[in-house]
Structure formats: C-alpha cells, structure tokens
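J.: Take a look at the following structure, please.
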Amino acid sequence: MNPVDIPSVTPLDQILPDEPLLLMGAGPVPVPAKVAAANTVVINHLGSTMARILDQVKSMARYVFQTRSEHIMGVAGPGSAAMEMAITNLVWPGTKVLSINNGFFSGRLAEMAERVGGDVTRVQVPDCSDIDPDELKKLFSKQSFDVLTLVQGETSNTVWNRQLAQVCQLAKQHNTLVVVDAVCTLSTMPLDMDQWEVDAIITGGQKGLSSIPGVSLIAFSQAAWQRIESRTEPMPHWCLDARLARQFWHQKGYHYTAPVSGLLALHEALRLICEESLQGRILRHKRCSSALQNAIESMGLDLYVPKQARLPSVIGIELPADVNGPQLLEHISTVHRVEIAGSFGPNIVRIGQMGEQCRSHHLFRTVHALGASMQTLGAKVDVPAGVAELERSLNHH
Ligand SMILES: *Cc1c(COP(=O)(O)O)cnc(C)c1O
C-alpha cells in the first residue's frame with residue numbers, strides 16, 4: 001500500500017476574506033468582540049475558575065429563559081444537539097408525542113422523537129400560518145399526549161407561533177409536557193419559561209444569543225426533570241444523557257471534556273444580554289426588524305408571511321419572477337460583502353434579525369445591498385425609497 005502523502009493546503013489567511021463578510025443570513029450571526037475574544041481562551045474544564053464561570057452561565061441563562069428552575073445545562077453541539085437532548089431524555093418507546101409541524105425545524109423534532117421510539121402524532125400547520133390553539137383543543141379532547149413539541153419561530157419559512165403561551169396553557173390542562181425550540185427567538189422576543197409553564201427550552205449559540213455556533217443551552221422544568229429521574233427505559237445516548245450532564249453542570253464532576261472556549265464565549269454573550277437587559281434587547285429587535293420589513297416593502301418587494309404569523313427574527317422575502325435566488329446571493333456577497341440566506345423550499349431569500357444583526361448600520365448596508373443587487377439582476381425596485389423608509393422607521397419607532 002502507498003503511504004498517504006502530505007496534502008498541499010492553503011493557509012487560512014489566504015482563504016478567508018481580509019475583512020469578514022457581514023453575516024445577515026439565518027445564522028450564524030456576527031459576534032461581539034468580547035464574545036470573539038473569550039472564544040480564544042482555553043482553561044481547565046474542571047477547576048474552580050470554570051466552576052465559578054458555570055455558576056454565572058447558569059444564573060444568566062435563568063434570566064434569559066425567565067425561569068427559577070435549577071435544571072439548566074449547556075450542550076457541546078449545535079442547536080440540534082440540544083433539541084436531541086430534550087427529546088431523547090423525555091421520550092422513549094411508546095411515549096405519546098404531539099408534534100406541531102410548521103416546517104423544517106419543527107419537523108426535525110418529530111423525526112428525533114420517532115427515532116427514539118416515540119409514538120408521534122404530527123399536526124401539519126398550513127404554510128404561512130401559525131398554529132391555531134382551537135385545532136389543538138379538538139385533538140386533546142380525543143387523545144392524551146405525554147409530550148408536545150413546537151418551535152417558537154420556524155426559521156425555514158419565517159413563521160412565528162404567536163400563540164405559544166396559549167398552546168402551553170392548553171397542554172398543561174391536559175398534563176402534557178411542552179418542549180419549545182427557541183433557537184432563533186430566545187432573547188429576541190418575549191418567552192417566559194415559568195410564567196408560560198414551558199417544560200424544556202432549547203437554544204443554540206449562533207442565533208438570538210449572538211455567540212459562536214457549537215455550544216448550546218437547555219433548560220428543563222421541575223416537572224420535566226421528574227420525568228427524567230423516573231425513567232426506567234435505557235437511555236440510548238451517552239453524551240446527551242441529562243442525568244450524566246448534571247454531574248458536570250451541577251456537581252463539579254466529569255461527564256465529557258467541556259467545550260471551554262465556547263462556554264466562555266457563551267458567558268460573554270449572556271453577560272452582554274444582562275448588560276442590555278432583556279427588555280432593552282427585545283425592544284431593539286422589534287425596532288430593527290420592523291424597520292427592515294417596512295424598508296423592504298417600500299422598495300417594492302413582498303414579504304412571504306402575512307403580518308399575523310410573521311416571524312420578526314428572520315424575514316422571508318419573495319423573489320421577483322425574474323430574479324434567480326442563488327445568483328442574487330452570489331452577487332450580494334461578492335459585490336456588497338453581505339451574506340443573506342436562501343431557503344429550503346419556498347422561493348424566498350431570508351434576512352436575519354438576531355442579536356448583532358439588529359444594528360442600524362448593518363441594516364442600511366443590507367437594505368442598500370439587497371436593493372442594488374436586485375436592480376442589477378433586472379428587478380424593478382426603488383432603492384432610495386427603501387433606504388428612506390428605513391431611516392424613517394428607525395427614528396419613529
Ligand atoms: C437553526 C435552528 C435549529 C438548528 O440549529 P443548529 O445549530 O443548526 O443545529 C433548530 N431550530 C431552529 C428554530 C433553528 O432556527
């Protein structure tokens with residue numbers, strides 16, 4: 001056999017752009033300088049310094065989730081790993097799961113539940129609309145469920161389940177635990193874990209929180225934790241076993257080597273939220289997102305989802321008939337150094353409004369880049385009207 005030769009590789013500084021592109025897609029989002037700096041540090045994952053940092057991460061996470069629950073944990077892995085941690089610990093063969101399906105990510109929760117043997121009933125929500133609690137009422141009157149899963153915001157098609165609090169209330173009346181995916185929405189809009197009686201909330205690092213990808217957070221309610229503790233079925237995942245994760249997160253013990261740099265970055269991201277306050281941050285998101293929506297419409301483009309069900313954290317924009325999506329993304333990136341996202345289905349492009357994306361200087365650059373690129377590719381858009389509306393909306397919020 002021939003030996004494997006040393007490959008010829010190009011150093012990163014010759015691959016990466018001199019100046020980072022502006023990440024205005026559906027995640028990852030730009031990170032503040034303090035988050036980036038924290039992410040360069042490696043420390044002992046079991047020492048007293050780490051213990052102190054973990055205590056702060058937990059208490060800041062409690063604030064961001066709006067919960068007094070003890071059961072807060074981080075996960076080394078993407079948002080999907082946190083989704084899988086919630087599902088795998090609460091669902092086992094025969095568990096009756098009601099899964100509200102708005103699209104790609106909510107569908108993933110259902111698939112995860114099926115993979116661990118859950119008996120899953122899917123409620124398909126029509127495209128461009130949010131879940132109607134009355135429809136759930138009918139289902140609950142006929143059947144009982146152990147666990148209900150849903151997304152607060154469906155990033156893939158930009159739909160917002162606005163009635164989340166009512167859905168939780170209904171589930172509680174029927175003794176059903178509620179798992180909420182808040183990957184793109186946490187800290188961008190209200191979500192009160194204790195008040196709404198949510199049993200598990202999942203978030204990733206790279207969206208609403210404006211931290212790095214690959215380190216995620218999860219919170220379980222006391223009721224969810226009781227179910228986890230009472231489990232007698234074998235737990236198929238070792239890394240995602242919440243009872244093992246508790247050794248690291250709550251007992252200063254070893255589970256697996258923690259992603260220390262990512263946890264330091266998460267610490268900084270959470271600290272910046274505390275500094276700004278949740279209320280201030282949610283207001284900033286509201287102001288920026290609605291100004292962006294107004295600007296896009298004033299340019300002559302259409303938003304994909306009607307206002308009632310429209311997610312503010314990720315905006316879906318319909319492509320004019322004569323504009324090709326991939327060509328638009330390529331043009332806006334190479335010419336304007338702005339990255340926006342395509343989609344997994346509908347003929348739309350998506351612009352994120354999560355964390356650091358909600359800054360007025362980023363919005364001016366993005367609105368101009370989008371309009372100018374559309375124009376170059378042959379669409380009739382009024383770029384100055386869009387920019388003027390952005391200015392007006394930001395000032396009048
Ligand atoms: C991005 C996203 C996920 C998945 O997060 P990853 O970090 O890509 O695994 C899950 N749910 C929602 C709502 C998301 O926006």
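Note on naming: chains are A, B, ... as they come in the structure tokens, residues start from 1 per chain, ligands start from 1 in the order shown.
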Might you pull out every residue within 9 Å of Pro32 of chain A, with only C-alpha atoms counted and same-chain residues fewer than 5 positions away left off, and present them as a list of chain:residue names?
T.: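 Listing them by chain and then by number gives A:Ala37, A:Ser210, A:Ser211, A:Glu268, A:Ala269, A:Leu272, A:Glu356.
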J.: Convert the current residue selection to file output with N, CA, C and O atoms, as a compact mmCIF listing (two decimals), in the first residue's frame.
T.:
```txt
# COMPACT_ATOMS: atom_id res chain seq x y z
N ALA A 37 -13.27 37.34 21.66
CA ALA A 37 -12.05 37.27 22.48
C ALA A 37 -12.14 36.12 23.47
O ALA A 37 -11.17 35.36 23.65
N SER A 210 -26.26 35.52 19.76
CA SER A 210 -25.05 36.13 19.18
C SER A 210 -23.78 35.60 19.82
O SER A 210 -22.85 36.35 20.14
N SER A 211 -23.74 34.27 20.03
CA SER A 211 -22.49 33.64 20.45
C SER A 211 -21.99 32.80 19.29
O SER A 211 -22.48 32.93 18.17
N GLU A 268 -19.90 35.40 27.86
CA GLU A 268 -19.86 36.81 27.44
C GLU A 268 -21.14 37.23 26.71
O GLU A 268 -21.65 38.32 26.92
N ALA A 269 -21.64 36.33 25.87
CA ALA A 269 -22.88 36.64 25.14
C ALA A 269 -24.03 36.86 26.12
O ALA A 269 -24.81 37.82 25.99
N LEU A 272 -23.61 40.16 28.06
CA LEU A 272 -23.99 41.34 27.27
C LEU A 272 -25.52 41.49 27.24
O LEU A 272 -26.04 42.60 27.18
N GLU A 356 -26.62 40.60 17.05
CA GLU A 356 -25.85 41.70 16.44
C GLU A 356 -26.34 42.09 15.05
O GLU A 356 -25.91 43.13 14.52
```
J.: Check which residues fall inside 9 Å of ligand 1 when counting only C-alpha atoms and all ligand atoms, and print them as a count of residues only.
T.: 37
J.: Applying 8 Å and only C-alpha atoms, which residues near segment 168-175 of chain A remain after dropping the ones on its own chain fewer than 6 positions away? List them as a compact mmCIF listing (two decimals) with N, CA, C and O atoms, in the first residue's frame.
T.:
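The result, stored in around.txt:
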```txt
# COMPACT_ATOMS: atom_id res chain seq x y z
N PRO A 133 -54.67 27.36 18.38
CA PRO A 133 -54.92 26.57 19.59
C PRO A 133 -56.26 25.81 19.53
O PRO A 133 -56.37 24.73 20.12
N LYS A 137 -57.14 21.97 20.64
CA LYS A 137 -58.21 21.64 21.60
C LYS A 137 -58.96 20.40 21.15
O LYS A 137 -59.24 19.50 21.93
N PHE A 140 -56.82 17.30 21.69
CA PHE A 140 -56.70 16.94 23.11
C PHE A 140 -57.99 16.34 23.64
O PHE A 140 -57.98 15.56 24.58
N SER A 144 -54.81 11.62 24.60
CA SER A 144 -53.89 12.26 25.55
C SER A 144 -52.46 12.10 25.02
O SER A 144 -52.16 11.19 24.25
N PHE A 145 -51.62 13.02 25.44
CA PHE A 145 -50.22 13.01 24.99
C PHE A 145 -49.31 13.24 26.19
O PHE A 145 -49.67 13.96 27.11
N ASP A 146 -48.12 12.65 26.15
CA ASP A 146 -47.15 12.87 27.21
C ASP A 146 -46.34 14.14 26.96
O ASP A 146 -46.00 14.87 27.89
N LEU A 148 -45.54 17.50 24.11
CA LEU A 148 -45.87 18.29 22.91
C LEU A 148 -44.62 19.03 22.47
O LEU A 148 -43.89 19.57 23.31
N TRP A 196 -45.20 30.87 31.46
CA TRP A 196 -45.94 30.15 30.42
C TRP A 196 -45.93 28.65 30.68
O TRP A 196 -46.55 27.89 29.94
N GLU A 197 -45.19 28.24 31.70
CA GLU A 197 -45.09 26.81 32.07
C GLU A 197 -44.55 25.93 30.94
O GLU A 197 -45.14 24.92 30.57
N VAL A 198 -43.42 26.36 30.40
CA VAL A 198 -42.72 25.55 29.40
C VAL A 198 -41.86 24.53 30.15
O VAL A 198 -41.29 24.85 31.19
```
J.: Which residue is closest to Leu240 of chain A? Choose from A:Ala291, A:Ser48, A:Pro259, A:Ile87 and count only C-alpha atoms.
T.: A:Ile87
J.: Can I get the residues of segment 137-209 of chain A within 10 Å of segment 110-115 of chain A, each with the closest pair of atoms and their distance in Å to one decimal, using only C-alpha atoms, sorted chain first then ascending number, as JSON lines?
T.:
```
{"residue": "A:Val147", "atom": "CA", "partner": "A:Ala113", "partner_atom": "CA", "distance": 9.8}
{"residue": "A:Leu148", "atom": "CA", "partner": "A:Ala110", "partner_atom": "CA", "distance": 9.7}
{"residue": "A:Thr149", "atom": "CA", "partner": "A:Ala110", "partner_atom": "CA", "distance": 7.6}
{"residue": "A:Leu150", "atom": "CA", "partner": "A:Ala110", "partner_atom": "CA", "distance": 9.1}
```
J.: Can you write just those residues out, C-alpha atoms, as a PDB file, in the first residue's frame?
T.:
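Now in result-v9.pdb:
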```
ATOM      1  CA  VAL A 147     -45.094  15.467  25.340  1.00  0.00           C
ATOM      2  CA  LEU A 148     -45.871  18.295  22.912  1.00  0.00           C
ATOM      3  CA  THR A 149     -43.149  19.771  20.707  1.00  0.00           C
ATOM      4  CA  LEU A 150     -43.130  23.033  18.764  1.00  0.00           C
TER       5      LEU A 150
END
```
J.: What lies within 8 Å of segment 260-263 of chain A using only C-alpha atoms, ignoring chain neighbours under 5 positions off, as JSON, numbers by chain?
T.: {"A": [38, 39, 40, 41, 42, 43, 44, 45, 212, 214, 215]}
J.: Pull all heavy atoms from the residues just selected and write them as a PDB file, in the first residue's frame.
T.:
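Result file is selection25.pdb:
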```
ATOM      1  N   ALA A  38     -13.299  35.949  24.097  1.00  0.00           N
ATOM      2  CA  ALA A  38     -13.459  34.862  25.077  1.00  0.00           C
ATOM      3  C   ALA A  38     -13.257  33.509  24.402  1.00  0.00           C
ATOM      4  O   ALA A  38     -12.736  32.566  24.999  1.00  0.00           O
ATOM      5  CB  ALA A  38     -14.845  34.945  25.722  1.00  0.00           C
ATOM      6  N   ASN A  39     -13.647  33.431  23.149  1.00  0.00           N
ATOM      7  CA  ASN A  39     -13.572  32.168  22.415  1.00  0.00           C
ATOM      8  C   ASN A  39     -12.134  31.746  22.090  1.00  0.00           C
ATOM      9  O   ASN A  39     -11.912  30.652  21.595  1.00  0.00           O
ATOM     10  CB  ASN A  39     -14.411  32.287  21.137  1.00  0.00           C
ATOM     11  CG  ASN A  39     -14.601  30.959  20.443  1.00  0.00           C
ATOM     12  OD1 ASN A  39     -14.860  29.950  21.102  1.00  0.00           O
ATOM     13  ND2 ASN A  39     -14.450  30.941  19.143  1.00  0.00           N
ATOM     14  N   THR A  40     -11.156  32.603  22.365  1.00  0.00           N
ATOM     15  CA  THR A  40      -9.754  32.228  22.095  1.00  0.00           C
ATOM     16  C   THR A  40      -9.080  31.621  23.324  1.00  0.00           C
ATOM     17  O   THR A  40      -7.927  31.219  23.256  1.00  0.00           O
ATOM     18  CB  THR A  40      -8.922  33.456  21.658  1.00  0.00           C
ATOM     19  OG1 THR A  40      -8.880  34.381  22.756  1.00  0.00           O
ATOM     20  CG2 THR A  40      -9.497  34.146  20.441  1.00  0.00           C
ATOM     21  N   VAL A  41      -9.792  31.587  24.455  1.00  0.00           N
ATOM     22  CA  VAL A  41      -9.160  31.173  25.715  1.00  0.00           C
ATOM     23  C   VAL A  41      -9.473  29.708  26.026  1.00  0.00           C
ATOM     24  O   VAL A  41     -10.598  29.260  25.877  1.00  0.00           O
ATOM     25  CB  VAL A  41      -9.679  32.066  26.877  1.00  0.00           C
ATOM     26  CG1 VAL A  41      -9.054  31.636  28.204  1.00  0.00           C
ATOM     27  CG2 VAL A  41      -9.392  33.534  26.592  1.00  0.00           C
ATOM     28  N   VAL A  42      -8.443  28.963  26.454  1.00  0.00           N
ATOM     29  CA  VAL A  42      -8.670  27.594  26.922  1.00  0.00           C
ATOM     30  C   VAL A  42      -8.251  27.512  28.379  1.00  0.00           C
ATOM     31  O   VAL A  42      -7.155  27.957  28.739  1.00  0.00           O
ATOM     32  CB  VAL A  42      -7.852  26.577  26.090  1.00  0.00           C
ATOM     33  CG1 VAL A  42      -8.057  25.159  26.631  1.00  0.00           C
ATOM     34  CG2 VAL A  42      -8.253  26.630  24.622  1.00  0.00           C
ATOM     35  N   ILE A  43      -9.134  26.996  29.225  1.00  0.00           N
ATOM     36  CA  ILE A  43      -8.786  26.803  30.642  1.00  0.00           C
ATOM     37  C   ILE A  43      -9.138  25.373  31.038  1.00  0.00           C
ATOM     38  O   ILE A  43      -9.790  24.653  30.279  1.00  0.00           O
ATOM     39  CB  ILE A  43      -9.532  27.813  31.572  1.00  0.00           C
ATOM     40  CG1 ILE A  43     -11.057  27.585  31.499  1.00  0.00           C
ATOM     41  CG2 ILE A  43      -9.192  29.253  31.216  1.00  0.00           C
ATOM     42  CD1 ILE A  43     -11.841  28.353  32.562  1.00  0.00           C
ATOM     43  N   ASN A  44      -8.733  24.983  32.239  1.00  0.00           N
ATOM     44  CA  ASN A  44      -9.089  23.665  32.769  1.00  0.00           C
ATOM     45  C   ASN A  44     -10.615  23.585  32.908  1.00  0.00           C
ATOM     46  O   ASN A  44     -11.238  24.457  33.496  1.00  0.00           O
ATOM     47  CB  ASN A  44      -8.412  23.500  34.133  1.00  0.00           C
ATOM     48  CG  ASN A  44      -8.854  22.231  34.844  1.00  0.00           C
ATOM     49  OD1 ASN A  44      -9.534  21.378  34.272  1.00  0.00           O
ATOM     50  ND2 ASN A  44      -8.453  22.100  36.100  1.00  0.00           N
ATOM     51  N   HIS A  45     -11.208  22.530  32.385  1.00  0.00           N
ATOM     52  CA  HIS A  45     -12.670  22.459  32.395  1.00  0.00           C
ATOM     53  C   HIS A  45     -13.240  22.010  33.741  1.00  0.00           C
ATOM     54  O   HIS A  45     -14.441  22.033  33.949  1.00  0.00           O
ATOM     55  CB  HIS A  45     -13.172  21.547  31.263  1.00  0.00           C
ATOM     56  CG  HIS A  45     -12.919  20.090  31.471  1.00  0.00           C
ATOM     57  ND1 HIS A  45     -13.913  19.152  31.369  1.00  0.00           N
ATOM     58  CD2 HIS A  45     -11.788  19.422  31.767  1.00  0.00           C
ATOM     59  CE1 HIS A  45     -13.396  17.950  31.586  1.00  0.00           C
ATOM     60  NE2 HIS A  45     -12.109  18.097  31.824  1.00  0.00           N
ATOM     61  N   ILE A 212     -21.023  31.930  19.562  1.00  0.00           N
ATOM     62  CA  ILE A 212     -20.476  31.107  18.477  1.00  0.00           C
ATOM     63  C   ILE A 212     -21.341  29.862  18.260  1.00  0.00           C
ATOM     64  O   ILE A 212     -22.046  29.425  19.164  1.00  0.00           O
ATOM     65  CB  ILE A 212     -19.028  30.682  18.797  1.00  0.00           C
ATOM     66  CG1 ILE A 212     -18.997  29.897  20.116  1.00  0.00           C
ATOM     67  CG2 ILE A 212     -18.115  31.885  18.871  1.00  0.00           C
ATOM     68  CD1 ILE A 212     -17.910  28.876  20.169  1.00  0.00           C
ATOM     69  N   GLY A 214     -22.088  25.844  17.961  1.00  0.00           N
ATOM     70  CA  GLY A 214     -21.471  24.623  18.505  1.00  0.00           C
ATOM     71  C   GLY A 214     -21.582  24.456  20.005  1.00  0.00           C
ATOM     72  O   GLY A 214     -21.201  23.418  20.530  1.00  0.00           O
ATOM     73  N   VAL A 215     -22.063  25.462  20.723  1.00  0.00           N
ATOM     74  CA  VAL A 215     -22.325  25.313  22.156  1.00  0.00           C
ATOM     75  C   VAL A 215     -23.733  25.830  22.413  1.00  0.00           C
ATOM     76  O   VAL A 215     -24.051  26.968  22.061  1.00  0.00           O
ATOM     77  CB  VAL A 215     -21.312  26.084  23.022  1.00  0.00           C
ATOM     78  CG1 VAL A 215     -21.660  25.942  24.496  1.00  0.00           C
ATOM     79  CG2 VAL A 215     -19.900  25.557  22.767  1.00  0.00           C
TER      80      VAL A 215
END
```
J.: Kindly indicate which residue among A:Met60, A:Gly378, A:Ile317, A:Thr67 lies nearest to Glu275 of chain A, using only C-alpha atoms for the distances.
T.: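 When distances to Glu275 of chain A are compared using only C-alpha atoms, the smallest one comes from A:Met60.
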J.: Rounded to one decimal, what separation in Å do you get between atom CA of Asn101 of chain A and atom CA of Ser289 of chain A?
T.: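 Distance reported for this atom pair: 24.7 Å.
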J.: So that I can see what lies close to Glu233 of chain A, please list as an NGL selection string the residues with an atom at most 12 Å from it, counting only C-alpha atoms and leaving out residues fewer than 6 positions away in the same chain.
T.: :A and (88-95 or 116-117 or 227)
J.: Could you work out how far atom CA of Val180 of chain A lies from atom CA of Arg68 of chain A, giving the answer in Å with one decimal?
T.: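 Here the two named atoms are 17.0 Å from each other.
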J.: Hey, what's within 8 Å of Leu22 of chain A if we count only C-alpha atoms and toss same-chain stuff fewer than 4 positions away? As a PyMOL selection string, please?
T.: chain A and resi 30+337-339+362
J.: Neighbours of Met189 of chain A within 9 Å (only C-alpha atoms; same-chain residues fewer than 6 positions away dropped), as a PyMOL selection string?
T.: chain A and resi 278-279+281-283+285-286+312-313
J.: Suppose we keep N, CA, C and O atoms; can you now write the selection as a CSV table (one decimal), in the first residue's frame?
T.:
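Ended up saving to selection_1.csv:
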```
chain,number,residue,atom,x,y,z
A,278,LEU,N,-33.0,42.2,29.1
A,278,LEU,CA,-33.9,41.5,28.1
A,278,LEU,C,-34.9,42.5,27.5
A,278,LEU,O,-35.1,42.5,26.3
A,279,GLN,N,-35.4,43.4,28.3
A,279,GLN,CA,-36.4,44.3,27.8
A,279,GLN,C,-35.8,45.2,26.7
A,279,GLN,O,-36.4,45.4,25.7
A,281,ARG,N,-33.2,44.6,24.9
A,281,ARG,CA,-32.8,43.9,23.8
A,281,ARG,C,-34.0,43.5,22.9
A,281,ARG,O,-33.9,43.6,21.7
A,282,ILE,N,-35.1,43.2,23.6
A,282,ILE,CA,-36.3,42.8,22.8
A,282,ILE,C,-36.8,44.0,22.0
A,282,ILE,O,-37.2,43.9,20.9
A,283,LEU,N,-36.7,45.2,22.7
A,283,LEU,CA,-37.2,46.4,22.0
A,283,LEU,C,-36.3,46.7,20.8
A,283,LEU,O,-36.8,47.1,19.8
A,285,HIS,N,-34.7,44.6,19.0
A,285,HIS,CA,-35.1,43.7,17.9
A,285,HIS,C,-36.4,44.1,17.2
A,285,HIS,O,-36.5,44.0,16.0
A,286,LYS,N,-37.3,44.6,18.0
A,286,LYS,CA,-38.6,45.0,17.5
A,286,LYS,C,-38.4,46.2,16.5
A,286,LYS,O,-38.9,46.2,15.4
A,312,PRO,N,-40.4,37.9,13.5
A,312,PRO,CA,-39.6,39.1,13.3
A,312,PRO,C,-38.1,38.7,13.3
A,312,PRO,O,-37.3,39.6,12.8
A,313,SER,N,-37.7,37.6,13.8
A,313,SER,CA,-36.3,37.2,13.9
A,313,SER,C,-35.6,36.8,12.6
A,313,SER,O,-34.4,36.9,12.4
```
J.: For atom CA of Gln327 of chain A and atom CA of Arg350 of chain A, quote the distance in Å rounded to one decimal.
T.: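 Computing the Euclidean distance for atom CA of Gln327 of chain A and atom CA of Arg350 of chain A yields 14.2 Å.
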J.: What parts of segment 61-283 of chain A does DSSP call strand (DSSP E or B)? I'd like the answer as a PyMOL selection string.
T.: chain A and resi 71-76+96-101+119-124+147-151+153-154+159-160+177-181+186+189+200-203+215-220
J.: Ranking A:Pro20, A:Gly107, A:Gly371, A:Pro190 by minimum distance to Val64 of chain A and counting only C-alpha atoms, which one comes first?
T.: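 So, comparing all the options, the nearest one is A:Pro190.
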